[in-house]
$ cat upload_2.cif   # mmCIF, C-alpha atoms (C1' of nucleotides)
data_my_file
loop_
_atom_site.label_atom_id
_atom_site.label_comp_id
_atom_site.auth_asym_id
_atom_site.auth_seq_id
_atom_site.Cartn_x
_atom_site.Cartn_y
_atom_site.Cartn_z
CA MET Q 26 -74.04 0.87 35.76
CA GLU Q 27 -70.64 0.99 34.14
CA GLU Q 28 -69.58 1.12 30.57
CA LEU Q 29 -70.77 -1.52 28.17
CA ASP Q 30 -68.16 -3.89 26.82
CA VAL Q 31 -68.17 -5.87 23.60
CA PHE Q 32 -70.24 -8.69 25.06
CA ASP Q 33 -72.92 -6.37 26.31
CA LEU Q 34 -73.22 -4.69 22.93
CA ARG Q 35 -73.37 -8.04 21.19
CA LEU Q 36 -76.07 -9.20 23.56
CA LEU Q 37 -78.14 -6.08 23.01
CA ALA Q 38 -77.76 -6.35 19.26
CA ALA Q 39 -78.76 -10.00 19.41
CA ILE Q 40 -81.93 -9.57 21.41
CA GLN Q 41 -82.85 -6.51 19.40
CA ALA Q 42 -82.97 -8.72 16.34
CA LYS Q 43 -84.53 -11.72 18.04
CA GLY Q 44 -85.78 -11.47 21.56
CA ASP Q 45 -86.76 -15.04 22.31
CA MET Q 46 -83.48 -16.89 22.08
CA THR Q 47 -82.42 -19.39 24.69
CA GLN Q 48 -79.29 -18.85 26.71
CA ALA Q 49 -77.57 -21.52 24.64
CA GLU Q 50 -78.38 -19.77 21.37
CA LEU Q 51 -77.23 -16.44 22.74
CA SER Q 52 -74.10 -18.11 23.96
CA GLU Q 53 -73.14 -19.08 20.42
CA LYS Q 54 -73.83 -15.63 19.04
CA VAL Q 55 -71.84 -13.67 21.58
CA HIS Q 56 -69.21 -16.28 22.47
CA LEU Q 57 -69.88 -16.39 26.18
CA SER Q 58 -71.15 -19.12 28.46
CA PRO Q 59 -74.94 -19.46 28.71
CA THR Q 60 -74.85 -18.63 32.39
CA GLN Q 61 -72.97 -15.46 31.84
CA CYS Q 62 -75.28 -14.42 29.03
CA ALA Q 63 -78.20 -14.72 31.40
CA ARG Q 64 -76.45 -12.84 34.16
CA ARG Q 65 -75.39 -9.96 31.93
CA LEU Q 66 -78.79 -9.73 30.34
CA GLN Q 67 -80.29 -9.57 33.79
CA ARG Q 68 -77.97 -6.71 34.65
CA LEU Q 69 -78.66 -4.86 31.41
CA ARG Q 70 -82.35 -5.07 32.17
CA ALA Q 71 -81.95 -3.89 35.71
CA ASP Q 72 -79.92 -0.95 34.45
CA GLY Q 73 -82.67 0.04 32.07
CA TYR Q 74 -81.05 -0.73 28.75
CA VAL Q 75 -83.90 -2.98 27.74
CA ARG Q 76 -87.20 -1.13 27.75
CA ASP Q 77 -89.28 -4.20 27.08
CA ILE Q 78 -89.73 -7.23 24.89
CA VAL Q 79 -92.61 -7.20 22.45
CA ALA Q 80 -94.03 -9.25 19.62
CA ILE Q 81 -94.14 -7.63 16.21
CA LEU Q 82 -97.33 -8.72 14.49
CA ASP Q 83 -97.83 -8.91 10.76
CA PRO Q 84 -100.04 -5.93 9.78
CA GLU Q 85 -101.29 -7.47 6.53
CA ARG Q 86 -102.25 -10.66 8.26
CA LEU Q 87 -104.43 -8.62 10.59
CA GLY Q 88 -106.09 -6.68 7.81
CA ILE Q 89 -103.96 -3.56 8.13
CA ASN Q 90 -103.37 -2.49 4.54
CA ILE Q 91 -102.54 1.15 4.95
CA ILE Q 92 -99.75 2.73 6.91
CA ALA Q 93 -99.88 6.50 6.62
CA HIS Q 94 -97.63 9.21 7.93
CA THR Q 95 -99.52 12.40 8.46
CA LEU Q 96 -98.25 15.85 9.29
CA VAL Q 97 -100.58 17.88 11.45
CA GLY Q 98 -100.40 21.59 12.07
CA LEU Q 99 -102.65 23.10 14.69
CA ARG Q 100 -104.10 26.52 14.00
CA ASN Q 101 -104.18 27.52 17.62
CA HIS Q 102 -101.42 26.66 20.03
CA ASP Q 103 -103.35 27.37 23.19
CA ASP Q 104 -103.60 24.85 26.02
CA GLU Q 105 -107.09 23.75 25.23
CA THR Q 106 -106.38 22.82 21.65
CA GLY Q 107 -103.22 21.00 22.63
CA ARG Q 108 -104.98 19.03 25.31
CA ALA Q 109 -107.84 18.08 23.00
CA PHE Q 110 -105.36 16.90 20.43
CA ARG Q 111 -103.36 14.79 22.89
CA ALA Q 112 -106.51 13.29 24.31
CA PHE Q 113 -107.69 12.29 20.87
CA ILE Q 114 -104.35 10.72 20.01
CA ASP Q 115 -104.26 8.73 23.21
CA ASP Q 116 -107.72 7.45 22.55
CA ALA Q 117 -107.32 6.55 18.89
CA ASP Q 118 -105.93 3.05 18.45
CA GLU Q 119 -105.17 3.69 14.80
CA VAL Q 120 -102.50 6.22 15.73
CA VAL Q 121 -99.56 4.06 16.67
CA GLU Q 122 -96.95 6.79 16.95
CA CYS Q 123 -97.12 10.51 17.61
CA TRP Q 124 -94.08 12.77 17.31
CA SER Q 125 -93.90 16.38 18.27
CA GLN Q 126 -91.70 18.20 15.83
CA THR Q 127 -90.09 21.49 15.08
CA GLY Q 128 -90.62 22.92 11.64
CA ASP Q 129 -93.63 23.76 9.56
CA ALA Q 130 -95.86 21.14 11.16
CA ASP Q 131 -96.51 20.48 14.83
CA TYR Q 132 -96.97 16.73 14.87
CA LEU Q 133 -96.14 13.72 12.81
CA LEU Q 134 -98.53 10.81 13.17
CA LYS Q 135 -98.03 7.23 12.13
CA ILE Q 136 -101.38 5.69 11.41
CA MET Q 137 -102.27 2.07 10.73
CA VAL Q 138 -105.70 1.28 9.31
CA LYS Q 139 -107.54 -1.32 7.28
CA ASP Q 140 -108.49 0.85 4.31
CA LEU Q 141 -108.88 4.39 3.01
CA GLY Q 142 -112.34 4.64 4.51
CA GLU Q 143 -111.00 4.13 7.99
CA LEU Q 144 -108.29 6.66 7.34
CA ALA Q 145 -110.77 9.28 6.18
CA SER Q 146 -112.98 8.56 9.15
CA LEU Q 147 -110.06 9.03 11.51
CA ILE Q 148 -109.18 12.39 10.01
CA GLU Q 149 -112.77 13.58 10.29
CA ARG Q 150 -112.87 12.59 13.93
CA LEU Q 151 -109.56 14.30 14.55
CA ILE Q 152 -110.82 17.56 13.11
CA THR Q 153 -113.96 17.40 15.19
CA ALA Q 154 -112.03 16.50 18.32
CA VAL Q 155 -109.78 19.54 18.25
CA GLY Q 156 -112.74 21.87 18.03
CA GLY Q 157 -113.34 22.29 14.34
CA PHE Q 158 -116.22 21.41 12.10
CA ALA Q 159 -115.65 18.62 9.70
CA SER Q 160 -117.53 20.39 6.97
CA LEU Q 161 -115.20 23.32 7.05
CA ARG Q 162 -112.24 20.97 7.23
CA SER Q 163 -108.84 22.21 8.08
CA PHE Q 164 -109.61 25.90 7.93
CA VAL Q 165 -111.07 26.01 11.38
CA ALA Q 166 -109.03 24.01 13.83
CA LEU Q 167 -106.15 22.66 11.83
CA LYS Q 168 -103.75 24.77 9.88
CA ALA Q 169 -102.73 21.88 7.71
CA ILE Q 170 -103.03 18.18 7.32
CA LYS Q 171 -100.55 16.74 4.94
CA ARG Q 172 -101.47 13.14 4.48
CA THR Q 173 -99.33 10.62 2.70
CA THR Q 174 -99.75 6.92 2.31
CA THR Q 175 -96.48 5.15 2.83
CA VAL Q 176 -95.08 1.78 1.99
CA PRO Q 177 -92.31 0.19 4.01
CA ILE Q 178 -88.95 -0.26 2.35
CA ARG Q 179 -86.99 -1.03 5.42
CA ALA Q 180 -88.23 -1.92 8.85
CA MET J 8 -105.59 -20.63 8.90
CA GLU J 9 -109.11 -19.82 9.93
CA GLU J 10 -110.68 -16.83 11.58
CA LEU J 11 -109.28 -15.58 14.85
CA ASP J 12 -111.49 -15.95 17.88
CA VAL J 13 -111.50 -13.94 21.08
CA PHE J 14 -108.72 -15.94 22.67
CA ASP J 15 -106.44 -15.51 19.69
CA LEU J 16 -106.96 -11.76 19.70
CA ARG J 17 -106.35 -11.60 23.41
CA LEU J 18 -103.18 -13.59 23.04
CA LEU J 19 -101.88 -11.37 20.25
CA ALA J 20 -102.72 -8.25 22.21
CA ALA J 21 -100.96 -9.69 25.25
CA ILE J 22 -97.71 -10.60 23.55
CA GLN J 23 -97.72 -7.34 21.62
CA ALA J 24 -97.57 -5.54 24.94
CA LYS J 25 -95.20 -7.96 26.64
CA GLY J 26 -93.55 -10.71 24.68
CA ASP J 27 -91.78 -12.64 27.38
CA MET J 28 -94.57 -13.88 29.60
CA THR J 29 -94.72 -17.47 30.78
CA GLN J 30 -97.60 -19.69 29.78
CA ALA J 31 -98.98 -19.37 33.29
CA GLU J 32 -99.00 -15.58 33.10
CA LEU J 33 -100.63 -15.63 29.69
CA SER J 34 -103.14 -18.10 31.01
CA GLU J 35 -104.37 -15.60 33.58
CA LYS J 36 -104.60 -12.79 31.06
CA VAL J 37 -106.59 -14.65 28.43
CA HIS J 38 -108.46 -17.10 30.67
CA LEU J 39 -107.29 -20.26 29.03
CA SER J 40 -105.16 -23.12 30.27
CA PRO J 41 -101.39 -22.67 29.94
CA THR J 42 -101.15 -25.60 27.57
CA GLN J 43 -103.73 -24.18 25.25
CA CYS J 44 -102.10 -20.78 25.30
CA ALA J 45 -98.89 -22.36 24.12
CA ARG J 46 -100.60 -24.38 21.44
CA ARG J 47 -102.53 -21.46 20.04
CA LEU J 48 -99.50 -19.22 20.11
CA GLN J 49 -97.61 -21.88 18.23
CA ARG J 50 -100.35 -21.96 15.61
CA LEU J 51 -100.50 -18.17 15.34
CA ARG J 52 -96.79 -18.14 14.70
CA ALA J 53 -96.95 -20.88 12.11
CA ASP J 54 -99.72 -18.98 10.33
CA GLY J 55 -97.58 -15.87 10.17
CA TYR J 56 -99.43 -13.60 12.55
CA VAL J 57 -96.32 -13.03 14.62
CA ARG J 58 -93.52 -11.59 12.54
CA ASP J 59 -90.96 -11.83 15.30
CA ILE J 60 -90.19 -11.05 18.89
CA VAL J 61 -87.73 -8.28 19.58
CA ALA J 62 -86.29 -6.32 22.47
CA ILE J 63 -86.97 -2.59 22.54
CA LEU J 64 -83.88 -0.86 23.84
CA ASP J 65 -83.81 2.49 25.58
CA PRO J 66 -82.42 5.01 23.06
CA GLU J 67 -81.32 7.53 25.70
CA ARG J 68 -79.50 4.86 27.65
CA LEU J 69 -77.49 4.10 24.52
CA GLY J 70 -76.65 7.70 23.79
CA ILE J 71 -79.30 8.23 21.13
CA ASN J 72 -80.50 11.76 21.76
CA ILE J 73 -81.98 12.66 18.41
CA ILE J 74 -84.75 10.99 16.53
CA ALA J 75 -85.39 12.76 13.26
CA HIS J 76 -87.94 12.24 10.55
CA THR J 77 -86.64 13.39 7.21
CA LEU J 78 -88.45 13.74 3.91
CA VAL J 79 -86.29 13.04 0.89
CA GLY J 80 -87.15 13.90 -2.69
CA LEU J 81 -84.91 12.58 -5.44
CA ARG J 82 -84.26 14.81 -8.41
CA ASN J 83 -83.92 11.97 -10.84
CA HIS J 84 -86.14 8.92 -10.72
CA ASP J 85 -84.01 6.72 -12.90
CA ASP J 86 -82.92 3.24 -11.89
CA GLU J 87 -79.40 4.20 -11.00
CA THR J 88 -80.36 6.93 -8.56
CA GLY J 89 -82.97 4.71 -6.93
CA ARG J 90 -80.53 1.87 -6.51
CA ALA J 91 -77.84 4.12 -5.08
CA PHE J 92 -80.34 5.50 -2.60
CA ARG J 93 -81.57 2.08 -1.50
CA ALA J 94 -78.05 0.82 -1.14
CA PHE J 95 -77.13 3.74 1.06
CA ILE J 96 -80.19 3.26 3.24
CA ASP J 97 -79.49 -0.42 3.71
CA ASP J 98 -75.95 0.36 4.69
CA ALA J 99 -76.62 3.21 7.10
CA ASP J 100 -77.35 1.96 10.59
CA GLU J 101 -78.67 5.34 11.64
CA VAL J 102 -81.65 4.99 9.33
CA VAL J 103 -83.98 2.72 11.24
CA GLU J 104 -87.01 3.05 9.00
CA CYS J 105 -87.49 3.95 5.36
CA TRP J 106 -90.92 4.53 3.84
CA SER J 107 -91.67 5.04 0.21
CA GLN J 108 -94.45 7.50 -0.15
CA THR J 109 -96.74 9.19 -2.60
CA GLY J 110 -96.96 12.96 -2.49
CA ASP J 111 -94.43 15.72 -2.72
CA ALA J 112 -91.55 13.68 -1.33
CA ASP J 113 -90.33 10.25 -2.36
CA TYR J 114 -89.17 8.83 0.93
CA LEU J 115 -89.65 9.35 4.62
CA LEU J 116 -86.71 8.33 6.79
CA LYS J 117 -86.65 7.76 10.49
CA ILE J 118 -83.18 8.45 11.77
CA MET J 119 -81.69 7.80 15.19
CA VAL J 120 -78.37 9.43 16.05
CA LYS J 121 -76.32 10.58 19.01
CA ASP J 122 -76.22 14.27 18.19
CA LEU J 123 -76.68 16.91 15.50
CA GLY J 124 -73.17 16.33 14.23
CA GLU J 125 -73.93 12.75 13.38
CA LEU J 126 -77.16 13.80 11.72
CA ALA J 127 -75.39 16.36 9.53
CA SER J 128 -72.73 13.82 8.66
CA LEU J 129 -75.36 11.32 7.61
CA ILE J 130 -77.06 13.82 5.33
CA GLU J 131 -73.77 14.73 3.70
CA ARG J 132 -73.02 11.09 3.05
CA LEU J 133 -76.49 10.56 1.66
CA ILE J 134 -76.08 13.39 -0.84
CA THR J 135 -72.74 12.07 -1.94
CA ALA J 136 -74.05 8.53 -2.19
CA VAL J 137 -76.84 9.33 -4.62
CA GLY J 138 -74.45 10.98 -7.01
CA GLY J 139 -74.39 14.59 -5.92
CA PHE J 140 -71.70 16.81 -4.56
CA ALA J 141 -72.02 17.80 -0.99
CA SER J 142 -70.89 21.31 -1.72
CA LEU J 143 -73.73 21.92 -4.12
CA ARG J 144 -76.10 20.29 -1.66
CA SER J 145 -79.55 19.35 -2.69
CA PHE J 146 -79.51 21.06 -6.07
CA VAL J 147 -77.68 18.28 -7.77
CA ALA J 148 -78.98 14.91 -6.72
CA LEU J 149 -81.75 15.63 -4.30
CA LYS J 150 -84.73 17.74 -5.08
CA ALA J 151 -85.45 18.40 -1.46
CA ILE J 152 -84.47 17.37 2.01
CA LYS J 153 -86.91 18.44 4.61
CA ARG J 154 -85.41 17.63 7.94
CA THR J 155 -87.21 17.83 11.23
CA THR J 156 -86.14 16.78 14.66
CA THR J 157 -88.92 14.99 16.45
CA VAL J 158 -89.73 14.14 20.02
CA PRO J 159 -91.87 11.17 20.96
CA ILE J 160 -95.28 11.82 22.47
CA ARG J 161 -96.68 8.39 22.14
CA ALA J 162 -94.88 5.18 21.37
"C1'" DC C 16 -45.77 -10.60 47.08
"C1'" DC C 17 -50.05 -11.35 49.12
"C1'" DG C 18 -54.92 -10.25 49.72
"C1'" DT C 19 -59.10 -8.61 47.82
"C1'" DT C 20 -62.34 -8.24 44.26
"C1'" DC C 21 -64.49 -9.28 40.17
"C1'" DG C 22 -65.97 -12.01 36.36
"C1'" DC C 23 -66.09 -16.63 34.70
"C1'" DG C 24 -67.93 -21.54 33.93
"C1'" DC C 25 -69.62 -25.79 36.06
"C1'" DA C 26 -73.11 -28.36 38.43
"C1'" DT C 27 -77.45 -28.85 40.67
"C1'" DG C 28 -82.18 -27.89 42.05
"C1'" DT C 29 -86.16 -25.59 40.30
"C1'" DT C 30 -89.16 -23.72 37.05
"C1'" DT C 31 -91.05 -23.76 32.62
"C1'" DC C 32 -92.17 -25.91 28.31
"C1'" DT C 33 -93.63 -29.74 25.23
"C1'" DT C 34 -96.26 -33.69 23.99
"C1'" DG C 35 -99.23 -37.85 24.39
"C1'" DC C 36 -103.67 -39.00 25.93
"C1'" DG C 37 -108.52 -39.32 27.24
"C1'" DA C 38 -112.65 -36.37 27.89
"C1'" DA C 39 -115.85 -32.94 26.37
"C1'" DA C 40 -117.98 -29.90 22.97
"C1'" DG C 41 -119.68 -28.76 18.43
"C1'" DG C 42 -121.06 -30.01 13.87
"C1'" DT C 43 -122.67 -33.39 10.40
"C1'" DT C 44 -124.79 -37.41 8.56
"C1'" DT C 45 -128.07 -40.95 8.58
"C1'" DA R 14 -132.71 -37.71 17.57
"C1'" DA R 15 -128.89 -40.70 17.77
"C1'" DA R 16 -124.51 -41.95 16.21
"C1'" DC R 17 -120.33 -40.43 14.41
"C1'" DC R 18 -116.51 -37.54 13.33
"C1'" DT R 19 -113.69 -33.60 14.20
"C1'" DT R 20 -111.86 -30.28 16.95
"C1'" DT R 21 -110.55 -28.35 21.17
"C1'" DC R 22 -109.64 -28.79 25.81
"C1'" DG R 23 -107.00 -29.78 30.32
"C1'" DC R 24 -104.10 -33.03 32.77
"C1'" DA R 25 -99.78 -35.28 33.58
"C1'" DA R 26 -95.24 -36.94 32.67
"C1'" DG R 27 -90.95 -36.39 30.40
"C1'" DA R 28 -87.79 -32.97 28.36
"C1'" DA R 29 -85.82 -28.62 28.11
"C1'" DA R 30 -84.41 -24.31 29.77
"C1'" DC R 31 -83.51 -21.34 33.68
"C1'" DA R 32 -81.60 -19.61 38.27
"C1'" DT R 33 -78.17 -19.96 41.85
"C1'" DG R 34 -74.31 -21.53 44.95
"C1'" DC R 35 -69.67 -22.68 44.51
"C1'" DG R 36 -64.80 -22.87 43.41
"C1'" DC R 37 -61.33 -21.19 40.19
"C1'" DG R 38 -58.42 -17.85 37.96
"C1'" DA R 39 -57.25 -13.26 36.43
"C1'" DA R 40 -56.74 -8.36 37.44
"C1'" DC R 41 -55.93 -4.82 40.56
"C1'" DG R 42 -54.15 -2.46 44.62
"C1'" DG R 43 -51.73 -2.29 48.77
#

$ encode --input "upload_2.cif" --output "structure tokens"
Amino acid sequence: MEELDVFDLRLLAAIQAKGDMTQAELSEKVHLSPTQCARRLQRLRADGYVRDIVAILDPERLGINIIAHTLVGLRNHDDETGRAFRAFIDDADEVVECWSQTGDADYLLKIMVKDLGELASLIERLITAVGGFASLRSFVALKAIKRTTTVPIRA
Amino acid sequence: MEELDVFDLRLLAAIQAKGDMTQAELSEKVHLSPTQCARRLQRLRADGYVRDIVAILDPERLGINIIAHTLVGLRNHDDETGRAFRAFIDDADEVVECWSQTGDADYLLKIMVKDLGELASLIERLITAVGGFASLRSFVALKAIKRTTTVPIRA
DNA sequence: CCGTTCGCGCATGTTTCTTGCGAAAGGTTT
DNA sequence: AAACCTTTCGCAAGAAACATGCGCGAACGG
């Protein structure tokens, strides 16, 4: 649990870019013996530097054509509303990230869906879930929904 | 390059959650022989379903205490300004995501830094980079910078 | 100056992965 | 319906990658 030296940082950078390299490959990248790469990586994991190793899937290939970032402001900030909102977020697979934020909005959502129809449907369900009526839209439960469709420039 | 069946979807879901399982472990999860798991995974990769496998590091552990989402609006939309902006983004390690978006802002940046000082420094550099003067702030080169510090609720 | 400790690389036993092969299942043609 | 072709499957053996014990050398402290 000490300080990280150059090799550790190189290792972390390497696996952050490509997490399925063999010890031999890592060895070349960080200029350390394969054995030592494995041992250090093992230690870095044990010390909690590596949260986990995951596969990044291709959204397009899976029919995900829209990635939207949506700002959500709740009208009421009571416990019930908050809980309903969190519950909805946890349940909705389309919401891949949820950030609580300071500023004019309360939350920033990252949403991945197939098409605009799915996106609209999700928003309707969100409004209903936090206690509003979809027909009255944001005026009841949500102070504001600022929806923007985004396109990745840099991952 | 055909349709994905249940096993394929299960495999993708599995490696998306944990990308370093052995064939035997995968085998249990998807109810398919280890060999077949490997073969199908190989095919899914060849067909481009898996973009890559990466390690997710612990931001806190590495001294990253602030994750900010920042909306950036450029004053001028000419080629030069756009190029300068892109170049800056590519160069800045603190900017981990950059989304082009439709709406009132042009870009949404996801920024990871150690502290508020680093964040301020980054913004200053950004303003300078796109042709403005830091002292005049956003009035010269940037139409608007809406900065918000965010806290993760759901990853 | 010597002893301890720590990190290093080598070598070996073990696990895991890859690939060739025959069997079974599903679809198509006659 | 039978014969055929194609695809997918699991097994097994060879190949590759991984984990671990060991001795060596450097750094540090007494």

$ atom_distance --input "upload_2.cif" --atom1 "atom C1' of R:DA16" --atom2 "atom CA of J:Asp12"
29.1 Å

$ resolve_selection --input "upload_2.cif" --expression "the PyMOL selection byres ((chain R) within 9 of (chain J))" --output "NGL selection string"
:R and (21-23)

$ resolve_selection --input "upload_2.cif" --expression "the PyMOL selection byres ((chain C) within 12 of (chain J))" --output "count of residues only"
5

$ resolve_selection --input "upload_2.cif" --expression "the PyMOL selection byres ((chain C and resi 42) around 10)" --output "number ranges by chain"
C: 40-41, 43-44; R: 18-20

$ write_last_selection --input "upload_2.cif" --atoms "C-alpha atoms (C1' of nucleotides)" --output "mmCIF file, in the coordinates of the input"
data_model
loop_
_atom_site.group_PDB
_atom_site.id
_atom_site.type_symbol
_atom_site.label_atom_id
_atom_site.label_comp_id
_atom_site.auth_asym_id
_atom_site.auth_seq_id
_atom_site.Cartn_x
_atom_site.Cartn_y
_atom_site.Cartn_z
ATOM 1 C "C1'" DA C 40 -117.980 -29.900 22.970
ATOM 2 C "C1'" DG C 41 -119.680 -28.760 18.430
ATOM 3 C "C1'" DT C 43 -122.670 -33.390 10.400
ATOM 4 C "C1'" DT C 44 -124.790 -37.410 8.560
ATOM 5 C "C1'" DC R 18 -116.510 -37.540 13.330
ATOM 6 C "C1'" DT R 19 -113.690 -33.600 14.200
ATOM 7 C "C1'" DT R 20 -111.860 -30.280 16.950
#

$ closest_atom_pairs --input "upload_2.cif" --of "chain Q" --to "chain J" --cutoff "7 Å" --atoms "all atoms listed in the file" --output "CSV"
residue,atom,partner,partner_atom,distance
Q:Ile40,CA,J:Ala62,CA,5.5
Q:Gln41,CA,J:Ala62,CA,4.6
Q:Ala42,CA,J:Val61,CA,5.8
Q:Lys43,CA,J:Val61,CA,4.9
Q:Gly44,CA,J:Val61,CA,4.2
Q:Asp45,CA,J:Ile60,CA,6.3
Q:Tyr74,CA,J:Asp65,CA,5.3
Q:Val75,CA,J:Leu64,CA,4.4
Q:Arg76,CA,J:Leu64,CA,5.1
Q:Asp77,CA,J:Ile63,CA,5.3
Q:Ile78,CA,J:Ala62,CA,4.3
Q:Val79,CA,J:Gly26,CA,4.3
Q:Ala80,CA,J:Ile60,CA,4.3
Q:Ile81,CA,J:Asp59,CA,5.3
Q:Leu82,CA,J:Val57,CA,4.4
Q:Asp83,CA,J:Tyr56,CA,5.3
Q:Arg86,CA,J:Tyr56,CA,5.9
Q:Val121,CA,J:Ala162,CA,6.7
Q:Glu122,CA,J:Ala162,CA,5.1
Q:Cys123,CA,J:Arg161,CA,5.0
Q:Trp124,CA,J:Pro159,CA,4.6
Q:Ser125,CA,J:Val158,CA,5.0
Q:Gln126,CA,J:Thr157,CA,4.3
Q:Thr127,CA,J:Thr155,CA,6.0
Q:Gly128,CA,J:Thr155,CA,6.1
Q:Thr173,CA,J:Thr109,CA,6.1
Q:Thr174,CA,J:Gln108,CA,5.9
Q:Thr175,CA,J:Gln108,CA,4.3
Q:Val176,CA,J:Ser107,CA,5.0
Q:Pro177,CA,J:Trp106,CA,4.6
Q:Ile178,CA,J:Cys105,CA,5.4
Q:Arg179,CA,J:Cys105,CA,5.0
Q:Ala180,CA,J:Glu104,CA,5.1

$ residues_near_point --input "upload_2.cif" --point "(-105.2, -2.3, 9.9)" --cutoff "6 Å" --atoms "only C-alpha atoms (C1' of nucleotides)" --output "PDB file with C-alpha atoms, in the frame of the given file"
ATOM      1  CA  GLY Q  88    -106.090  -6.680   7.810  1.00  0.00           C
ATOM      2  CA  ILE Q  89    -103.960  -3.560   8.130  1.00  0.00           C
ATOM      3  CA  ASN Q  90    -103.370  -2.490   4.540  1.00  0.00           C
ATOM      4  CA  MET Q 137    -102.270   2.070  10.730  1.00  0.00           C
ATOM      5  CA  VAL Q 138    -105.700   1.280   9.310  1.00  0.00           C
ATOM      6  CA  LYS Q 139    -107.540  -1.320   7.280  1.00  0.00           C
TER       7      LYS Q 139
END

$ residues_around --input "upload_2.cif" --residues "R:DG43" --least-positions-apart "2" --cutoff "12 Å" --atoms "only C-alpha atoms (C1' of nucleotides)" --output "ChimeraX atom specification"
/C:16-19 /R:41

$ residues_near_point --input "upload_2.cif" --point "(-83.5, -24.6, 34.6)" --cutoff "8 Å" --atoms "only C-alpha atoms (C1' of nucleotides)" --output "VMD selection string"
(chain C and resid 29 to 31) or (chain R and resid 29 to 32)

$ atom_distance --input "upload_2.cif" --atom1 "atom CA of J:Glu10" --atom2 "atom CA of J:Val37"
17.5 Å

$ atom_distance --input "upload_2.cif" --atom1 "atom CA of J:Ala94" --atom2 "atom CA of J:Ile130"
14.6 Å
